[in-house]
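Comments concern the structure below.
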Amino acid sequence: MIVSEIKLFEMLKAKLGQEEAEAFVEILEKKVDRKFDEAKQTLATKEDIANTKAELIKWMFIFWMGQVFVVAGLLAYFFNVGK
């Protein structure tokens, strides 16, 4: 038990009794652990962010290169039509 759990246990022990206080602290600890595990699953890690950033840069490059080729093609078409 950590200090805050010991303090909680001591406060509850005086009001509820030892067995009930132990049971309550155990239930509370399990619930906190479960909530922490649930939150940990939804948080993004540095690796997730790095992968997302790499994907974003890749697709930006593909998009802009496509735009360059389209503009180059349009310019070539307009300059050849005038001749």
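In the structure tokens, each chain is lettered A, B, ... as it comes, each chain's residues begin at 1, and ligands are numbered from 1 in order of appearance.
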
Which residues come within 12 Å of range 17-32 of chain A, counting only C-alpha atoms, excluding same-chain residues fewer than 2 positions away, as a list of chain:residue names?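 Contacts, with the query itself left out: A:Met1, A:Ile2, A:Ser4, A:Glu5, A:Ile6, A:Lys7, A:Leu8, A:Phe9, A:Glu10, A:Met11, A:Leu12, A:Lys13, A:Ala14, A:Lys15, A:Arg34, A:Lys35, A:Phe36, A:Asp37, A:Glu38, A:Ala39.
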